[in-house]
Amino acid sequence: MNTPIPFSRHGEHVLVTGGHGFIGSHLVEALAAEGRRVTVLDPADPPPDLVVPAGAVRHVRGDVRDTTLVRKEITATTGLIVHFSSLVGVDQYLYDPLDVIDIAVGGTRAVLDAARDAGAKLLLASTSEVYGRNPDTPWAEDSARVLGPTTADRWSYSTSKATAEHMTFAHARRYGTRATVLRYFNVYGPRQRPAYVVSNTVHRLLRGVPALLYDRGDQTRCFTYVRDAVEATLAVASSSRVDGVVLNVGSEREITMAEIVRAVGDAVGCRSDPVLLDTGSAFGSVYEDIPRRVPDTSRIAGLLGWRATTSVEQGLRETVAWARANEWWTGQDPDERDERGAAR
Ligand SMILES: NC(=O)c1ccc[n+]([C@@H]2O[C@H](COP(=O)([O-])OP(=O)(O)OC[C@H]3O[C@@H](n4cnc5c(N)ncnc54)[C@H](O)[C@@H]3O)[C@@H](O)[C@H]2O)c1
């Protein structure tokens, strides 16, 4: 294998915070396959089906808010930090908004300071949630943020990720820290916790339980296959032209929730009707849904030539095939909670 080109002149090591999670674990596999040396900082175990060459990845169990640990792991040989650590998912925002905020803000400050001291480049994983429910789609990176009241916990994620973005730009201005912000749009695929529309529907249908559909399923999303999201992340990591830039990372195919649930049914080979629910009675006033979520991806296409290329049908086929082969995932209880009561 050829030695890969370092992401920064400071060093070849890559630190991935939250690298045992869904997107992070796929990125870690891709980095390790390129011959890079990777450290993962995550309180969770690696996924059981993680495939990396022996010795390519160091697994450090820890909290990204632990500034001493973060400084220890980000050293002069760290060229790139990909900061994925986060509490993700509506169930988490509603269960523990304080930790959602604390990890986004405290964790980002910790990695920014360590990135500055090491001279490493940082990729911050942000989200389409920062646009809130702005009715003017598609959303370009400088589109307005339209959010509900602070009494609705669902906005805690959007607000804390946007604060992490502000911190990143402020840090760059004050200290010259090199950083790029990636706003991912509805990523799905193998290993995703069964708490999101695609993963939950796959998980339920494979167990013979009907899918759930909220508010008749008219809301739209642009589902992005995880391999495309990883390719975008690697393209950003390898570019020297995107420091200080925000990039939308998403598919441009807008489909309704009802359509995606039906498409998962087709991929599984199951045509049962979904159970209809409404978010008002399921979650109460702490929740508000977003009617349409569509990215304008012309910036990342123009700068890096990246576009999502995996069709929903292909991505779902691969996701379902993976799920059928991974009993550790299909056997999971989606409502399982840890000792604090948080989702696992
Ligand atoms: N999946 C998506 O559709 C999507 C969309 C937009 C943005 N994102 C962002 O991408 C990133 C990765 O998302 P994901 O879907 O892989 O989520 P995930 O929940 O699968 O992964 C997050 C990882 O962060 C780890 N983590 C949580 N608290 C931590 C802490 N205090 N210290 C260190 N690690 C901690 C978790 O253990 C987990 O492994 C997140 O920052 C998320 O906000 C994801």
# chains A, B, ... in the order shown; residues from 1 in each chain; ligands from 1
call {"tool": "residues_near_ligand", "arguments": {"ligand": "ligand 1", "cutoff": "6 Å", "atoms": "only C-alpha atoms and all ligand atoms", "output": "list in words"}}
result
Thr17, Gly18, Gly19, His20, Gly21, Phe22, Ile23, Gly24, Leu41, Asp42, Pro43, Ala44, Asp63, Val64, Phe84, Ser85, Ser86, Leu87, Val88, Ile103, Ala125, Ser126, Thr127, Ser128, Tyr184, Phe185, Asn186 and Val187 of chain A
call {"tool": "write_last_selection", "arguments": {"atoms": "N, CA and C atoms", "output": "CSV table (one decimal), in the first residue's frame"}}
result
chain,number,residue,atom,x,y,z
A,17,THR,N,-13.1,11.9,17.1
A,17,THR,CA,-13.9,11.8,18.3
A,17,THR,C,-15.3,11.3,17.9
A,18,GLY,N,-15.8,10.4,18.7
A,18,GLY,CA,-17.1,9.8,18.4
A,18,GLY,C,-16.9,8.8,17.3
A,19,GLY,N,-15.7,8.3,17.1
A,19,GLY,CA,-15.4,7.4,16.0
A,19,GLY,C,-15.9,6.0,16.1
A,20,HIS,N,-16.6,5.7,17.2
A,20,HIS,CA,-17.2,4.4,17.3
A,20,HIS,C,-18.7,4.5,17.0
A,21,GLY,N,-19.2,5.7,16.7
A,21,GLY,CA,-20.6,5.9,16.3
A,21,GLY,C,-20.8,5.5,14.8
A,22,PHE,N,-22.0,5.9,14.4
A,22,PHE,CA,-22.4,5.5,13.0
A,22,PHE,C,-21.5,6.0,11.9
A,23,ILE,N,-21.5,7.3,11.7
A,23,ILE,CA,-20.7,7.8,10.6
A,23,ILE,C,-19.3,7.7,10.9
A,24,GLY,N,-18.9,7.9,12.2
A,24,GLY,CA,-17.5,7.9,12.6
A,24,GLY,C,-16.9,6.5,12.3
A,41,LEU,N,-11.5,8.5,20.0
A,41,LEU,CA,-11.8,8.9,21.3
A,41,LEU,C,-13.3,8.8,21.5
A,42,ASP,N,-13.8,7.9,22.3
A,42,ASP,CA,-15.2,7.6,22.4
A,42,ASP,C,-15.5,6.9,23.7
A,43,PRO,N,-16.6,7.2,24.4
A,43,PRO,CA,-16.9,6.4,25.6
A,43,PRO,C,-17.5,5.1,25.3
A,44,ALA,N,-17.9,4.9,24.0
A,44,ALA,CA,-18.6,3.6,23.7
A,44,ALA,C,-17.6,2.7,23.1
A,63,ASP,N,-14.2,10.9,27.4
A,63,ASP,CA,-15.2,11.9,27.1
A,63,ASP,C,-14.4,13.1,26.5
A,64,VAL,N,-15.0,13.6,25.4
A,64,VAL,CA,-14.4,14.7,24.7
A,64,VAL,C,-14.3,16.0,25.5
A,84,PHE,N,-16.7,14.2,15.7
A,84,PHE,CA,-18.1,13.7,15.5
A,84,PHE,C,-18.8,13.5,16.9
A,85,SER,N,-18.1,13.6,18.0
A,85,SER,CA,-18.7,13.3,19.3
A,85,SER,C,-20.0,14.2,19.5
A,86,SER,N,-21.0,13.5,19.9
A,86,SER,CA,-22.3,14.2,20.0
A,86,SER,C,-23.3,13.3,20.6
A,87,LEU,N,-24.4,13.9,21.2
A,87,LEU,CA,-25.6,13.1,21.5
A,87,LEU,C,-26.5,13.4,20.3
A,88,VAL,N,-26.9,12.4,19.6
A,88,VAL,CA,-27.7,12.6,18.4
A,88,VAL,C,-29.0,11.9,18.5
A,103,ILE,N,-22.0,18.7,25.7
A,103,ILE,CA,-21.1,17.9,24.8
A,103,ILE,C,-20.7,18.7,23.6
A,125,ALA,N,-18.3,18.2,12.7
A,125,ALA,CA,-19.5,17.6,12.2
A,125,ALA,C,-20.7,18.5,12.8
A,126,SER,N,-21.3,19.2,11.9
A,126,SER,CA,-22.5,19.9,12.2
A,126,SER,C,-23.7,19.3,11.5
A,127,THR,N,-24.8,20.0,11.4
A,127,THR,CA,-26.0,19.3,11.0
A,127,THR,C,-27.0,20.3,10.2
A,128,SER,N,-27.8,19.7,9.4
A,128,SER,CA,-28.9,20.4,8.7
A,128,SER,C,-29.9,21.0,9.8
A,184,TYR,N,-24.2,17.7,7.8
A,184,TYR,CA,-24.7,16.5,7.2
A,184,TYR,C,-26.3,16.6,7.2
A,185,PHE,N,-26.8,16.0,6.1
A,185,PHE,CA,-28.3,15.9,6.0
A,185,PHE,C,-28.7,14.4,6.0
A,186,ASN,N,-29.5,14.1,7.0
A,186,ASN,CA,-30.1,12.7,7.2
A,186,ASN,C,-29.3,11.6,6.6
A,187,VAL,N,-28.2,11.3,7.2
A,187,VAL,CA,-27.4,10.2,6.8
A,187,VAL,C,-28.0,8.9,7.3
call {"tool": "residues_around", "arguments": {"residues": "Ser272 of chain A", "least_positions_apart": "2", "cutoff": "10 Å", "atoms": "only C-alpha atoms", "output": "VMD selection string"}}
result
chain A and resid 205 208 to 211 262 265 269 to 270 274 to 275
call {"tool": "write_last_selection", "arguments": {"atoms": "N, CA and C atoms", "output": "short mmCIF file (atom, residue, chain, number, x, y, z; two decimals), in the first residue's frame"}}
result
data_model
loop_
_atom_site.label_atom_id
_atom_site.label_comp_id
_atom_site.auth_asym_id
_atom_site.auth_seq_id
_atom_site.Cartn_x
_atom_site.Cartn_y
_atom_site.Cartn_z
N LEU A 205 -39.25 -3.84 10.58
CA LEU A 205 -39.77 -4.75 9.56
C LEU A 205 -39.03 -6.10 9.60
N GLY A 208 -40.56 -8.22 12.04
CA GLY A 208 -41.97 -8.52 11.81
C GLY A 208 -42.92 -7.57 12.53
N VAL A 209 -42.39 -6.39 12.90
CA VAL A 209 -43.22 -5.39 13.60
C VAL A 209 -43.52 -4.27 12.60
N PRO A 210 -44.76 -3.75 12.52
CA PRO A 210 -45.03 -2.71 11.51
C PRO A 210 -44.22 -1.43 11.73
N ALA A 211 -43.98 -0.72 10.64
CA ALA A 211 -43.26 0.56 10.70
C ALA A 211 -44.13 1.61 11.38
N ARG A 262 -42.10 3.40 2.67
CA ARG A 262 -42.51 2.45 1.64
C ARG A 262 -41.29 1.84 0.94
N GLY A 265 -39.82 -0.77 2.99
CA GLY A 265 -40.66 -1.96 2.86
C GLY A 265 -40.32 -2.74 1.60
N GLY A 269 -38.90 -6.35 1.42
CA GLY A 269 -39.85 -7.29 0.84
C GLY A 269 -41.06 -7.45 1.74
N CYS A 270 -41.51 -6.34 2.30
CA CYS A 270 -42.62 -6.39 3.26
C CYS A 270 -43.55 -5.22 2.97
N PRO A 274 -47.95 1.06 7.65
CA PRO A 274 -47.35 1.57 8.88
C PRO A 274 -48.42 1.97 9.91
N VAL A 275 -48.03 1.99 11.17
CA VAL A 275 -48.89 2.50 12.24
C VAL A 275 -48.79 4.02 12.22
#
call {"tool": "residues_around", "arguments": {"residues": "segment 231-235 of chain A", "least_positions_apart": "4", "cutoff": "9 Å", "atoms": "only C-alpha atoms", "output": "ChimeraX atom specification"}}
result
/A:27,30-31,82,123,182,226-227,239,249,300,304-308
call {"tool": "select_by_dssp", "arguments": {"residues": "segment 132-252 of chain A", "states": "helix (DSSP H, G or I)", "output": "VMD selection string"}}
result
chain A and resid 155 to 175 197 to 206 215 to 217 226 to 238
call {"tool": "residues_around", "arguments": {"residues": "Ala120 of chain A", "least_positions_apart": "6", "cutoff": "6 Å", "atoms": "only C-alpha atoms", "output": "compact mmCIF listing (two decimals) with N, CA and C atoms, in the first residue's frame"}}
result
# COMPACT_ATOMS: atom_id res chain seq x y z
N THR A 78 -0.46 14.94 15.26
CA THR A 78 -1.85 14.86 14.79
C THR A 78 -2.04 15.87 13.66
N GLY A 79 -2.38 15.38 12.47
CA GLY A 79 -2.59 16.28 11.34
C GLY A 79 -4.04 16.69 11.20
N LEU A 80 -4.94 15.78 11.60
CA LEU A 80 -6.37 16.02 11.36
C LEU A 80 -7.19 15.52 12.54
call {"tool": "residues_around", "arguments": {"residues": "Glu252 of chain A", "least_positions_apart": "4", "cutoff": "7 Å", "atoms": "only C-alpha atoms", "output": "NGL selection string"}}
result
:A and (222 or 294-295)
call {"tool": "select_by_dssp", "arguments": {"residues": "segment 4-112 of chain A", "states": "strand (DSSP E or B)", "output": "list of chain:residue names"}}
result
A:Ser8, A:Gly11, A:His13, A:Val14, A:Leu15, A:Val16, A:Thr17, A:Val38, A:Thr39, A:Val40, A:Leu41, A:Val57, A:Arg58, A:His59, A:Val60, A:Thr78, A:Gly79, A:Leu80, A:Ile81, A:Val82, A:His83
call {"tool": "write_last_selection", "arguments": {"atoms": "N, CA and C atoms", "output": "tab-separated table (two decimals), in the first residue's frame"}}
result
chain	number	residue	atom	x	y	z
A	8	SER	N	-2.16	17.28	6.78
A	8	SER	CA	-1.61	18.56	7.19
A	8	SER	C	-0.11	18.40	7.30
A	11	GLY	N	1.45	16.61	10.61
A	11	GLY	CA	1.54	15.20	10.99
A	11	GLY	C	0.53	14.36	10.26
A	13	HIS	N	-1.16	11.63	11.78
A	13	HIS	CA	-2.17	10.95	12.61
A	13	HIS	C	-3.53	11.63	12.50
A	14	VAL	N	-4.56	10.82	12.64
A	14	VAL	CA	-5.92	11.36	12.61
A	14	VAL	C	-6.60	11.00	13.93
A	15	LEU	N	-7.24	11.96	14.55
A	15	LEU	CA	-8.06	11.66	15.73
A	15	LEU	C	-9.52	11.81	15.34
A	16	VAL	N	-10.31	10.79	15.60
A	16	VAL	CA	-11.74	10.87	15.31
A	16	VAL	C	-12.48	10.79	16.66
A	17	THR	N	-13.07	11.90	17.06
A	17	THR	CA	-13.89	11.85	18.28
A	17	THR	C	-15.25	11.26	17.88
A	38	VAL	N	-4.95	5.96	13.05
A	38	VAL	CA	-6.14	6.64	13.58
A	38	VAL	C	-6.27	6.37	15.07
A	39	THR	N	-6.65	7.41	15.81
A	39	THR	CA	-7.04	7.22	17.20
A	39	THR	C	-8.51	7.60	17.31
A	40	VAL	N	-9.27	6.75	18.00
A	40	VAL	CA	-10.69	7.07	18.23
A	40	VAL	C	-10.85	7.42	19.70
A	41	LEU	N	-11.50	8.54	19.97
A	41	LEU	CA	-11.84	8.91	21.35
A	41	LEU	C	-13.35	8.81	21.49
A	57	VAL	N	-5.68	1.20	14.33
A	57	VAL	CA	-6.54	2.10	15.11
A	57	VAL	C	-6.30	1.90	16.61
A	58	ARG	N	-6.09	3.02	17.29
A	58	ARG	CA	-6.05	2.98	18.77
A	58	ARG	C	-7.42	3.40	19.27
A	59	HIS	N	-7.92	2.66	20.24
A	59	HIS	CA	-9.25	2.97	20.77
A	59	HIS	C	-9.06	3.54	22.18
A	60	VAL	N	-9.42	4.79	22.36
A	60	VAL	CA	-9.27	5.43	23.67
A	60	VAL	C	-10.66	5.70	24.22
A	78	THR	N	-0.46	14.94	15.26
A	78	THR	CA	-1.85	14.86	14.79
A	78	THR	C	-2.04	15.87	13.66
A	79	GLY	N	-2.38	15.38	12.47
A	79	GLY	CA	-2.59	16.28	11.34
A	79	GLY	C	-4.04	16.69	11.20
A	80	LEU	N	-4.94	15.78	11.60
A	80	LEU	CA	-6.37	16.02	11.36
A	80	LEU	C	-7.19	15.52	12.54
A	81	ILE	N	-8.17	16.33	12.91
A	81	ILE	CA	-9.15	15.91	13.93
A	81	ILE	C	-10.52	15.96	13.27
A	82	VAL	N	-11.24	14.85	13.33
A	82	VAL	CA	-12.62	14.86	12.83
A	82	VAL	C	-13.49	14.73	14.08
A	83	HIS	N	-14.27	15.76	14.32
A	83	HIS	CA	-14.98	15.88	15.60
A	83	HIS	C	-16.46	15.48	15.42
call {"tool": "residues_around", "arguments": {"residues": "segment 188-196 of chain A", "least_positions_apart": "3", "cutoff": "6 Å", "atoms": "only C-alpha atoms", "output": "PyMOL selection string"}}
result
chain A and resi 22+199-200+225-226+319+334
call {"tool": "residues_around", "arguments": {"residues": "Pro135 of chain A", "least_positions_apart": "2", "cutoff": "9 Å", "atoms": "only C-alpha atoms", "output": "list in words"}}
result
Arg133, Thr137, Pro138, Val146, Ile290, Pro291, Arg292 and Arg293 of chain A
call {"tool": "closest_residue", "arguments": {"among": "A:Leu212, A:Ala321, A:Val261, A:Leu124", "to": "Val245 of chain A", "atoms": "only C-alpha atoms"}}
result
A:Leu124
call {"tool": "closest_atom_pairs", "arguments": {"of": "segment 279-320 of chain A", "to": "segment 213-216 of chain A", "cutoff": "10 Å", "atoms": "only C-alpha atoms", "output": "tab-separated table"}}
result
residue	atom	partner	partner_atom	distance
A:Thr279	CA	A:Tyr214	CA	6.1
A:Gly280	CA	A:Asp215	CA	8.7
A:Ala282	CA	A:Tyr214	CA	9.1
A:Asp289	CA	A:Asp215	CA	9.2
call {"tool": "closest_residue", "arguments": {"among": "A:Glu259, A:Glu254, A:Asp273, A:Glu165", "to": "Ala104 of chain A", "atoms": "only C-alpha atoms"}}
result
A:Glu165
call {"tool": "closest_residue", "arguments": {"among": "A:Gly35, A:Gly106, A:Gly89, A:Pro46", "to": "Val70 of chain A", "atoms": "only C-alpha atoms"}}
result
A:Gly106
call {"tool": "atom_distance", "arguments": {"atom1": "atom CA of Arg183 of chain A", "atom2": "atom CA of Thr75 of chain A"}}
result
26.5 Å
